[in-house]
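Printed here is start04.txt (compact mmCIF, C-alpha atoms):
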```txt
# COMPACT_ATOMS: atom_id res chain seq x y z
CA MET A 290 0.00 0.00 0.00
CA LYS A 291 2.83 2.35 0.99
CA ASN A 292 4.74 1.54 -2.20
CA PHE A 293 1.61 2.04 -4.29
CA LEU A 294 1.05 5.50 -2.77
CA LYS A 295 4.72 6.42 -3.26
CA ASN A 296 4.57 5.31 -6.91
CA LYS A 297 1.35 7.24 -7.47
CA ARG A 298 2.83 10.41 -5.93
CA ALA A 299 6.00 10.02 -8.02
CA GLY A 300 3.89 9.55 -11.14
CA ILE A 301 1.83 12.68 -10.45
CA LEU A 302 4.99 14.70 -9.74
CA HIS A 303 6.61 13.38 -12.90
CA GLN A 304 3.63 14.35 -15.02
CA ALA A 305 3.34 17.75 -13.37
CA VAL A 306 7.01 18.46 -14.08
CA ILE A 307 6.62 17.45 -17.74
CA GLN A 308 3.51 19.61 -18.07
CA ILE A 309 5.20 22.62 -16.49
CA ILE A 310 8.21 22.23 -18.79
CA LEU A 311 5.99 21.94 -21.88
CA ILE A 312 3.81 24.89 -20.90
CA GLY A 313 6.95 26.90 -20.04
CA LEU A 314 8.44 26.08 -23.44
CA ILE A 315 5.31 27.11 -25.32
CA PHE A 316 4.91 30.37 -23.42
CA GLY A 317 8.66 31.06 -23.60
CA LEU A 318 8.50 30.72 -27.36
CA PHE A 319 5.53 33.04 -27.68
CA PHE A 320 6.92 35.59 -25.23
CA ALA A 321 10.16 35.67 -27.24
CA ALA A 322 8.15 36.34 -30.40
CA ILE A 323 6.12 39.07 -28.65
CA ASN A 324 9.31 40.59 -27.25
CA LEU A 325 10.78 40.85 -30.76
CA ARG A 326 7.57 42.49 -31.93
CA VAL A 327 7.49 44.97 -29.02
CA GLN A 328 11.12 45.97 -29.50
CA SER A 329 9.99 46.82 -33.05
CA ARG A 330 13.41 46.78 -34.68
CA ASP A 331 11.75 46.04 -38.00
CA VAL A 332 9.58 49.15 -37.60
CA LYS A 333 12.63 51.30 -36.85
CA GLN A 334 14.47 49.76 -39.78
CA GLY A 335 11.53 50.41 -42.12
CA LEU A 336 11.25 53.96 -40.84
CA LEU A 337 14.95 54.68 -41.42
CA GLU A 338 14.81 53.20 -44.92
CA ARG A 339 11.80 55.34 -45.85
CA GLN A 340 13.41 58.47 -44.40
CA VAL A 341 16.62 57.92 -46.37
CA ALA A 342 14.68 57.02 -49.55
CA LEU A 343 12.56 60.20 -49.32
CA ILE A 344 15.64 62.38 -48.80
CA ILE A 345 17.27 60.74 -51.84
CA ASP A 346 14.04 61.24 -53.87
CA SER A 347 14.08 64.97 -53.24
CA ALA A 348 17.86 65.51 -53.29
CA SER A 349 19.67 67.74 -55.77
CA PRO A 350 23.13 67.14 -57.26
CA GLY A 351 25.97 68.28 -55.02
CA MET A 352 24.10 67.42 -51.84
CA GLU A 353 25.65 65.25 -49.15
CA ILE A 354 23.28 63.38 -46.87
CA SER A 355 24.70 62.41 -43.47
CA VAL A 356 23.12 59.45 -41.70
CA TYR A 357 24.42 59.05 -38.16
CA LYS A 358 25.16 55.44 -37.23
CA LYS A 359 23.95 56.04 -33.68
CA ASN A 360 20.49 57.54 -33.85
CA ALA A 361 17.08 57.40 -32.22
CA ASN A 362 16.01 54.39 -34.27
CA GLY A 363 18.95 52.23 -33.22
CA TYR A 364 22.56 51.71 -34.19
CA ILE A 365 23.04 51.34 -37.94
CA ASN A 366 25.55 48.62 -38.76
CA ASN A 367 25.45 49.09 -42.49
CA LEU A 368 23.75 51.14 -45.17
CA GLU A 369 23.58 49.94 -48.75
CA ILE A 370 22.16 51.28 -51.98
CA LYS A 371 21.67 48.79 -54.78
CA GLU A 372 19.20 48.27 -57.63
CA ASN A 373 17.29 51.45 -56.75
CA ARG A 374 16.65 50.31 -53.17
CA VAL A 375 17.96 51.57 -49.83
CA TYR A 376 18.94 48.93 -47.28
CA VAL A 377 19.50 49.97 -43.66
CA TYR A 378 20.78 47.30 -41.32
CA VAL A 379 19.95 48.23 -37.74
CA GLU A 380 21.64 46.36 -34.89
CA GLY A 381 19.54 43.31 -34.01
CA ALA A 382 17.75 43.27 -37.36
CA PRO A 383 20.18 41.69 -39.80
CA TYR A 384 17.73 41.23 -42.68
CA SER A 385 16.16 43.92 -44.79
CA ASN A 386 13.91 44.03 -47.84
CA GLY A 387 14.99 47.61 -48.51
CA TYR A 388 12.84 50.46 -49.75
CA PRO A 389 12.75 51.74 -53.34
CA TYR A 390 13.82 55.25 -54.24
CA PHE A 391 13.77 57.18 -57.50
CA THR A 392 16.27 59.72 -58.66
CA GLU A 393 17.85 61.04 -61.82
CA TYR A 394 21.29 61.31 -60.20
CA ASN A 395 24.10 58.94 -59.25
CA LEU A 396 24.65 58.07 -55.60
CA LYS A 397 27.78 57.17 -53.69
CA ILE A 398 28.02 56.01 -50.07
CA GLU A 399 31.00 56.67 -47.84
CA ASP A 400 31.48 55.21 -44.38
CA VAL A 401 33.10 58.06 -42.44
CA GLY A 402 33.58 57.24 -38.76
CA ARG A 403 30.29 57.85 -37.02
CA THR A 404 28.27 58.62 -40.15
CA PHE A 405 27.38 57.28 -43.55
CA ILE A 406 27.56 60.00 -46.17
CA ILE A 407 25.44 59.66 -49.31
CA LYS A 408 26.79 61.86 -52.10
CA VAL A 409 24.39 62.93 -54.83
CA GLU A 410 26.20 63.42 -58.14
CA LYS A 411 25.03 64.43 -61.59
CA MET B 66 -4.73 -12.23 -9.56
CA LYS B 67 -5.16 -9.08 -7.47
CA ILE B 68 -1.75 -7.83 -8.50
CA LYS B 69 -2.57 -8.36 -12.15
CA ASN B 70 -5.78 -6.35 -11.82
CA ASN B 71 -3.97 -3.46 -10.10
CA PHE B 72 -1.34 -3.42 -12.79
CA SER B 73 -3.96 -3.39 -15.51
CA LYS B 74 -5.88 -0.58 -13.78
CA GLY B 75 -2.66 1.39 -13.25
CA LYS B 76 -1.74 1.06 -16.92
CA ARG B 77 -5.18 2.23 -18.01
CA GLY B 78 -4.92 5.15 -15.59
CA ALA B 79 -1.51 6.15 -16.92
CA THR B 80 -2.84 6.12 -20.49
CA GLY B 81 -5.75 8.32 -19.45
CA GLU B 82 -3.39 10.77 -17.73
CA ALA B 83 -1.23 10.92 -20.86
CA ILE B 84 -4.26 11.75 -22.99
CA VAL B 85 -5.32 14.48 -20.54
CA THR B 86 -1.76 15.86 -20.60
CA ILE B 87 -1.79 16.05 -24.40
CA TRP B 88 -5.09 17.92 -24.35
CA ARG B 89 -3.80 20.30 -21.68
CA VAL B 90 -0.71 21.06 -23.73
CA ILE B 91 -2.84 21.63 -26.84
CA LEU B 92 -5.14 23.93 -24.83
CA VAL B 93 -2.16 25.91 -23.52
CA GLY B 94 -0.79 26.13 -27.08
CA ILE B 95 -4.12 27.51 -28.33
CA ILE B 96 -4.23 30.10 -25.51
CA ALA B 97 -0.62 31.13 -26.21
CA PHE B 98 -1.36 31.38 -29.93
CA PHE B 99 -4.40 33.53 -29.16
CA ILE B 100 -2.31 35.85 -26.96
CA PHE B 101 0.33 36.11 -29.69
CA GLY B 102 -2.33 36.80 -32.31
CA ILE B 103 -3.75 39.67 -30.27
CA SER B 104 -0.30 41.12 -29.59
CA ALA B 105 0.71 40.82 -33.26
CA PHE B 106 -2.46 42.68 -34.23
CA THR B 107 -1.89 45.31 -31.51
CA TYR B 108 1.69 46.00 -32.54
CA SER B 109 1.15 45.79 -36.29
CA TYR B 110 2.31 48.88 -38.16
CA SER B 111 2.05 50.53 -41.49
CA ILE B 112 4.37 53.29 -42.60
CA ASP B 113 3.05 54.65 -45.84
CA VAL B 114 4.98 57.46 -47.51
CA ARG B 115 3.48 57.10 -50.99
CA ASP B 116 1.68 60.44 -50.78
CA MET B 117 5.02 62.19 -50.28
CA GLU B 118 6.63 60.13 -53.04
CA GLY B 119 3.80 61.13 -55.34
CA ALA B 120 4.26 64.83 -54.49
CA ILE B 121 8.02 64.61 -55.11
CA MET B 122 7.44 62.84 -58.43
CA ILE B 123 4.97 65.53 -59.56
CA LYS B 124 7.52 68.24 -58.75
CA LYS B 125 10.25 66.38 -60.64
CA VAL B 126 8.04 65.88 -63.70
CA VAL B 127 6.95 69.53 -63.78
CA ASN B 128 10.58 70.68 -63.47
CA CYS B 129 11.60 68.21 -66.18
CA PHE B 130 9.14 69.62 -68.73
CA SER B 131 9.49 73.26 -67.83
CA GLN B 132 11.96 74.92 -65.49
CA ASP B 133 11.36 78.52 -66.53
CA GLY B 134 7.61 78.54 -67.16
CA THR B 135 7.89 77.98 -70.90
CA LEU B 136 7.47 74.89 -73.03
CA LYS B 137 8.17 74.08 -76.67
CA THR B 138 5.97 71.43 -78.26
CA SER B 139 8.89 70.31 -80.41
CA SER B 140 10.68 69.08 -77.28
CA LEU B 141 7.75 66.93 -76.12
CA PRO B 142 8.03 63.15 -76.32
CA LYS B 143 5.50 61.05 -78.25
CA ASN B 144 2.67 59.33 -76.45
CA GLY B 145 3.71 55.82 -75.44
CA GLU B 146 7.34 56.79 -75.03
CA GLU B 147 8.92 56.19 -71.64
CA PHE B 148 9.43 59.84 -70.87
CA LEU B 149 10.29 59.38 -67.18
CA PHE B 150 13.59 57.76 -68.11
CA ASN B 151 14.20 58.97 -71.66
CA LYS B 152 13.39 62.63 -71.09
CA CYS B 153 13.52 63.17 -67.32
CA LYS B 154 16.30 60.58 -66.62
CA ILE B 155 14.46 59.35 -63.52
CA LYS B 156 15.58 55.87 -62.52
CA GLY B 157 13.50 53.58 -60.30
CA ALA B 158 10.07 54.88 -61.35
CA GLU B 159 8.61 51.42 -62.05
CA ARG B 160 6.06 51.75 -59.22
CA PHE B 161 4.57 54.95 -60.61
CA PHE B 162 1.75 55.72 -62.96
CA VAL B 163 2.19 59.27 -64.28
CA LYS B 164 -0.31 61.12 -66.44
CA ILE B 165 0.42 64.55 -67.94
CA GLN B 166 -2.21 66.61 -69.73
CA PHE B 167 -1.05 69.52 -71.91
CA ASN B 168 -3.64 72.23 -72.53
CA TYR B 169 -3.85 75.50 -74.39
CA THR B 170 -6.09 77.95 -72.58
CA GLU B 171 -8.02 78.72 -75.77
CA SER B 172 -8.18 75.45 -77.69
CA GLY B 173 -7.97 72.97 -74.79
CA GLU B 174 -6.10 69.69 -74.45
CA PHE B 175 -3.67 68.82 -77.22
CA LEU B 176 -1.53 66.03 -75.76
CA VAL B 177 -1.76 63.42 -73.00
CA LEU B 178 1.30 61.48 -71.89
CA GLU B 179 1.01 58.40 -69.74
CA GLN B 180 3.54 56.05 -68.26
CA GLY B 181 3.02 53.30 -65.75
CA GLU B 182 2.62 49.64 -65.06
CA GLY B 183 -0.08 47.64 -66.80
CA ASP B 184 -1.32 46.18 -63.54
CA LEU B 185 -2.27 49.67 -62.44
CA GLU B 186 -5.22 49.73 -64.85
CA TRP B 187 -7.72 49.60 -62.01
CA THR B 188 -6.09 52.59 -60.32
CA LYS B 189 -6.10 54.46 -63.64
CA LYS B 190 -9.86 54.00 -63.80
CA ILE B 191 -10.23 55.29 -60.25
CA TYR B 192 -8.01 58.23 -61.10
CA GLU B 193 -9.97 59.13 -64.21
CA ASP B 194 -13.28 59.06 -62.33
CA GLU B 195 -12.92 62.43 -60.62
CA ASP B 196 -15.86 62.11 -58.25
CA LEU B 197 -14.74 58.71 -57.11
CA THR B 198 -11.15 59.91 -56.76
CA ASN B 199 -12.23 62.81 -54.60
CA SER B 200 -14.35 60.60 -52.38
CA ILE B 201 -11.69 57.98 -51.77
CA ARG B 202 -8.56 60.11 -51.94
CA GLU B 203 -8.26 60.60 -48.22
CA PHE B 204 -8.59 56.85 -47.62
CA ARG B 205 -6.26 55.69 -50.37
CA PRO B 206 -2.61 56.58 -49.86
CA GLY B 207 -0.59 56.89 -53.03
CA VAL B 208 -3.25 58.74 -55.02
CA SER B 209 -1.74 62.20 -55.25
CA LYS B 210 -3.85 65.22 -56.00
CA PRO B 211 -3.09 66.29 -59.60
CA LEU B 212 -1.09 69.50 -59.85
CA THR B 213 -1.87 72.10 -62.51
CA VAL B 214 0.85 74.55 -63.52
CA PRO B 215 0.26 77.51 -65.90
CA LEU B 216 2.83 77.70 -68.72
CA LEU B 217 3.62 79.51 -71.92
CA ILE B 218 3.37 76.79 -74.57
CA ASP B 219 4.99 77.94 -77.83
CA GLY B 220 4.30 81.50 -76.71
CA LYS B 221 0.60 80.87 -76.01
CA ASP B 222 -1.12 80.63 -72.64
CA GLY B 223 -1.53 77.07 -71.47
CA LYS B 224 -1.15 74.67 -68.57
CA ILE B 225 0.01 71.19 -67.74
CA THR B 226 -1.71 68.90 -65.24
CA VAL B 227 0.36 66.16 -63.66
CA GLY B 228 -1.20 63.30 -61.71
CA VAL B 229 0.65 60.44 -60.06
CA LEU B 230 -0.36 57.09 -58.58
CA VAL B 231 2.12 55.09 -56.56
CA ASN B 232 1.98 51.31 -56.44
CA PRO B 233 2.64 49.76 -52.99
```

Taking this structure as input, can you express it in the form of structure tokens?
Amino acid sequence: MKNFLKNKRAGILHQAVIQIILIGLIFGLFFAAINLRVQSRDVKQGLLERQVALIIDSASPGMEISVYKKNANGYINNLEIKENRVYVYVEGAPYSNGYPYFTEYNLKIEDVGRTFIIKVEK
Amino acid sequence: MKIKNNFSKGKRGATGEAIVTIWRVILVGIIAFFIFGISAFTYSYSIDVRDMEGAIMIKKVVNCFSQDGTLKTSSLPKNGEEFLFNKCKIKGAERFFVKIQFNYTESGEFLVLEQGEGDLEWTKKIYEDEDLTNSIREFRPGVSKPLTVPLLIDGKDGKITVGVLVNP
């Protein structure tokens, strides 16, 4: 009888532990996803890309556009311009779809210390 | 015999507990998914700058055709020609539908230039229906208000109207 009770208790404890681990895993996974969403790095990245694209759209030849690496929308690791799209890589968001721009001028990017400088040339 | 019965009962009980556990985990998964769904909806975003892009494009097109308020009809491209790149040298304008109407004040419209993607036909129809355009403009980003600029066309009074639609 004593053994039976011990076994039953052990079984219940075992199941409870497994359940807690499973539930913890599921919630952990979803909280991680929510956390990513709340930190909104993708929003900041999209915002930066649109800002840069709009400045390029309205820029005139001879202009130099300075984009600070450390800014309110996060630290910019890299800034690329290729195939008429602007790609801004913010820290923690390594992937980017870019945002399209339109211009009649040629663009050059220079990485100068704390800023990226986009030169608009005829 | 008694032992055998207990064992059998215990086994059945364990199976039942396992089934309950599976259902509990599924239930927790559904609740978590529901929470995530709500949060994803709450934190969803949309940054739409197409109105501004449309306004910039209109300005560029107007400047391209006339920088000093005069226009010569001999310098105008033919209808069907890709004037955004060939004349205005604008690269990356694939998302845009641009329509330019050239008018003399006295005799009226004499040329219409259009450039844009074929899959924007439905937006062209919306754009051409002025009443509909006015009623939905505020709810449809990317439909820029057409801009009319007075010009001297070959020495006569005239105007050009530029309208732009921007594809998402």

Item checked: Nearest to chain B by atom-to-atom distance, counting only C-alpha atoms, from A:Tyr357, A:Phe391, A:Tyr364, A:Gly351 -> A:Phe391

Next item on the list: In Å, rounded to a single decimal, give me how far atom CA of Pro211 of chain B is from atom CA of Ile123 of chain B.
Entry: 8.1 Å

Next item on the list: Can you check which residues of chain B have any atom within 8 Å of chain A? Use all atoms listed in the file and format it as a PyMOL selection string.
Entry: chain B and resi 86+90+93-94+97-98+101+104-105+108+110+112+114+117-118+121+153-158

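Using all atoms listed in the file, the protein and nucleic acid residues lying at most 7 Å from the point (2.5, 62.1, -61.2) are Gly119, Met122, Ile123, Phe162, Val163, Lys164, Val227, Gly228, Val229 and Leu230 of chain B.
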
Next item on the list: Have a look at atom CA of Gly102 of chain B and atom CA of Ala361 of chain A and let me know their distance in Å, one decimal.
Entry: 28.3 Å

Next item on the list: Provide the atom CA of Ile407 of chain A to atom CA of Gln334 of chain A distance in Å, to one decimal place.
Entry: 17.6 Å

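Residues in contact with Asn360 of chain A at 12 Å, where all atoms listed in the file are counted and same-chain residues fewer than 3 positions away are skipped, are listed as A:Lys333, A:Gln334, A:Leu337, A:Ser355, A:Val356, A:Tyr357, A:Gly363, A:Tyr364, A:Ile365, A:Asn366, A:Val379, A:Glu380, A:Arg403, A:Thr404, A:Phe405.
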
Next item on the list: Give me the residues within 9 Å of Asp219 of chain B as a ChimeraX atom specification, counting only C-alpha atoms and dropping any in the same chain fewer than 6 places off.
Entry: /B:135-139

Next item on the list: Mind checking which residues fall within 6 Å of Ile165 of chain B, counting all atoms listed in the file, ignoring those fewer than 2 positions away in the same chain, and posting them as number ranges by chain?
Entry: B: 177-178, 226-227

Next item on the list: Extract, using all atoms listed in the file, all DNA, RNA and protein residues at most 9 Å from Glu147 of chain B, discarding same-chain residues fewer than 4 positions from it, and format them as number ranges by chain.
Entry: B: 142-143, 151-152, 179-181

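With only C-alpha atoms taken into account, the protein and nucleic acid residues at most 9 Å from Ile370 of chain A (excluding it and anything under 4 positions from it in its own chain) are Arg374, Val375, Tyr376, Val377, Gly387, Leu396, Lys397 and Ile398 of chain A.
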
Check: Which is closest to Ser385 of chain A among A:Glu338, A:Lys358, A:Ile344, A:Ile310, if we use all atoms listed in the file?
Finding: A:Glu338
